[in-house]
Each structure stands twice: as C-alpha cells, then as structure tokens.
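This report refers to the structure that appears directly beneath it.
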Amino acid sequence: MARPKLSEAVIREIKERRKEGLTLLEIEERMQLDRYEATNDPPMPPMPGHGSIQKYAQEYDQLPLAVKILDEPFQWHRLGEYDLPWEASEFLLQMWGYVKELSRDLEWSLQYSAPLPAPTARQAKWWWRVHQAAPDQDNLFVWMWATQLWQCDLFKDILKKTVDVSGIEAYLAYRAWQSPKQQTDYDQAVKDRRIPPLPAAARDAALTEDLRGQPGLTDSFPKPGPRIFEKADFFPELALDRMQRMEEAE
C-alpha cells in the first residue's frame with residue numbers, strides 16, 4: 001500500500017530543521033521529540049519516513065544561496081546581500097527593535113508559550129515593501145501586513161506553492177484605512193467584484209477595531225488584544241506550521 005502524500009506542514013518542518021544545520025538523523029530525532037511533547041491542539045501530522053526526510057532535506061540543500069540567506073536572522077550589515085537599499089537602514093533597524101520587543105511582552109509569552117523568534121531577512125524585506133506602500137502607517141500595521149505577505153513568499157520559495165496575494169494588494173492600493181470614504185469605495189469595489197477581497201484571516205485583522213487608530217495599542221503595543229491575534233496567520237515563524245496543522249485536523 002502506497003504511503004499517503006506528505007503534508008506541506010511536514011515538508012516545511014523538515015526543511016526548517018535542515019535550515020538549522022541538523023543532520024538527517026538529528027532531524028528525525030527532533031521531529032519525534034516534537035511529536036512526543038506536543039499537546040495535540042491542533043494535532044501534529046504523522047511522523048514521516050526516513051526516505052521522505054532525506055528527500056526534502058536534499059531539496060532544501062539545493063536551494064540557491066540567495067534564497068537560503070533570506071530565512072536567516074536579519075543582520076543590518078548584510079543589507080546588500082538581501083538586495084535592500086541602505087536608505088532603508090533607519091526604518092528597518094527601528095522595526096527590528098519593535099519586533100524584538102514584542103517577544104518580551106509578558107502577556108504575549110504567556111498566551112503563546114514562546115517568544116517570537118529572531119526576525120529574518122525575508123521578513124525585513126516585507127517590512128520595507130509594506131512601508132513603501134503605506135508610509136503613513138505605524139509599526140503594528142507594517143508588521144501585520146508584512147507577516148501576511150512573508151508567509152506567501154515562504155510558501156513560494158520553500159514549498160513551491162503559489163498563493164494569491166491580489167486581495168492584500170488591492171486593500172493596500174485602495175488605502176481603505178485612511179478615511180471613511182476610502183473604506184466605502186473599497187467595500188463597494190469588492191462588492192462589485194472589481195477587485196478581489198482579502199483572505200479571511202487578513203480581513204479579520206482589517207476590520208478589528210483595535211487596528212483603527214487607537215493610539216494606546218499602536219504606539220507602544222503594551223497589551224496585545226486577543227482579537228487581533230486569534231488567527232494563526234499572524235504569528236511570524238510559527239504561522240505556517242500552526243495554520244497547516246489546523247487545516248489538516250479539520
């Protein structure tokens with residue numbers, strides 16, 4: 001009997017472990033340990049065979065260096081290697097500091113069990129791109145939408161799966177957050193099917209009252225509101241794994 005097709009969550013899990021520099025045996029041991037320690041909420045996918053681990057570890061090994069470095073921790077002195085302009089330095093450094101501070105938030109750590117991992121170069125590229133698209137917006141806005149786009153980029157490079165981001169691009173283009181009229185124009189364009197709607201999780205974020213300009217949240221982000229972070233899609237680094245595990249559990 002043929003083995004069932006390996007899920008994308010497991011493929012990414014293998015490649016993430018390979019990215020950490022683990023050998024095939026170490027990858028297998030780590031994955032077994034993760035499953036042993038898992039709470040099964042949502043349940044983790046079944047353990048892959050040794051052949052599958054070898055196949056997808058080798059697939060990661062064959063990725064171009066320019067792709068691999070994007071998923072390493074962001075380092076300012078390597079902006080040139082990431083194909084980012086030095087003019088982005090001020091914004092990216094303060095954004096890096098902002099995201100690092102999120103991991104220190106006690107409520108965040110208690111709610112999600114682990115602090116945010118170190119921001120990667122790929123995330124920094126999307127911070128810069130979202131900032132260029134919406135320069136009037138604050139760090140929270142940039143982080144939220146860059147996280148959405150970072151996930152899609154990761155799907156493309158690591159899982160070889162194309163994700164449609166046209167709904168996010170349309171939302172950024174219409175700048176619906178700037179005024180009631182622009183929000184109305186955007187809503188009507190979606191209703192008339194002239195532009196695609198946001199993906200479900202992104203739409204929830206856009207409609208969350210806490211993102212509508214309440215300064216206490218957006219200025220210092222002292223206490224993350226649970227409504228903003230209900231969706232797994234918004235957790236950097238942990239997003240794909242949690243989202244895929246939840247889909248497979250359905």
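Ordering of the structure tokens sets the chain letters (A, B, ...), residue numbers begin anew at 1 in every chain, and ligands are numbered from 1 in the order given.
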Nearby residues (only C-alpha atoms) at most 8 Å from region 65-72 of chain A, same-chain spacing under 3 positions excluded, as a PyMOL selection string: chain A and resi 19+81-82+120-122+157
Write a file of the just-selected residues containing N, CA and C atoms, as a JSON list (two decimals), in the first residue's frame.
```json
[["chain", "number", "residue", "atom", "x", "y", "z"],
["A", 19, "LYS", "N", 17.46, 23.69, 7.73],
["A", 19, "LYS", "CA", 17.96, 25.06, 7.75],
["A", 19, "LYS", "C", 18.75, 25.33, 9.02],
["A", 81, "GLU", "N", 23.42, 42.07, 0.66],
["A", 81, "GLU", "CA", 23.18, 40.67, 0.31],
["A", 81, "GLU", "C", 21.69, 40.37, 0.19],
["A", 82, "TYR", "N", 20.87, 41.11, 0.93],
["A", 82, "TYR", "CA", 19.42, 40.90, 0.87],
["A", 82, "TYR", "C", 18.77, 41.70, -0.25],
["A", 120, "THR", "N", 13.71, 37.47, 10.45],
["A", 120, "THR", "CA", 14.57, 37.04, 9.36],
["A", 120, "THR", "C", 14.72, 38.13, 8.30],
["A", 121, "ALA", "N", 15.66, 37.93, 7.40],
["A", 121, "ALA", "CA", 15.86, 38.88, 6.31],
["A", 121, "ALA", "C", 14.63, 38.92, 5.40],
["A", 122, "ARG", "N", 13.99, 37.78, 5.22],
["A", 122, "ARG", "CA", 12.78, 37.76, 4.37],
["A", 122, "ARG", "C", 11.69, 38.63, 5.00],
["A", 157, "ASP", "N", 8.86, 30.01, -2.10],
["A", 157, "ASP", "CA", 10.26, 29.58, -2.17],
["A", 157, "ASP", "C", 10.52, 28.23, -1.54]]
```
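With only C-alpha atoms as the atoms that count, the residue of A:Glu87, A:Glu26, A:Asp192, A:Glu101 with the shortest distance to Ala57 (chain A) is A:Glu26.
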Residue neighbourhood Gly97 (chain A), 12 Å, only C-alpha atoms, exclusion window fewer than 6 positions, as JSON, numbers by chain: {"A": [74, 75, 76, 90, 91, 103, 104, 118, 119, 124, 139, 143]}
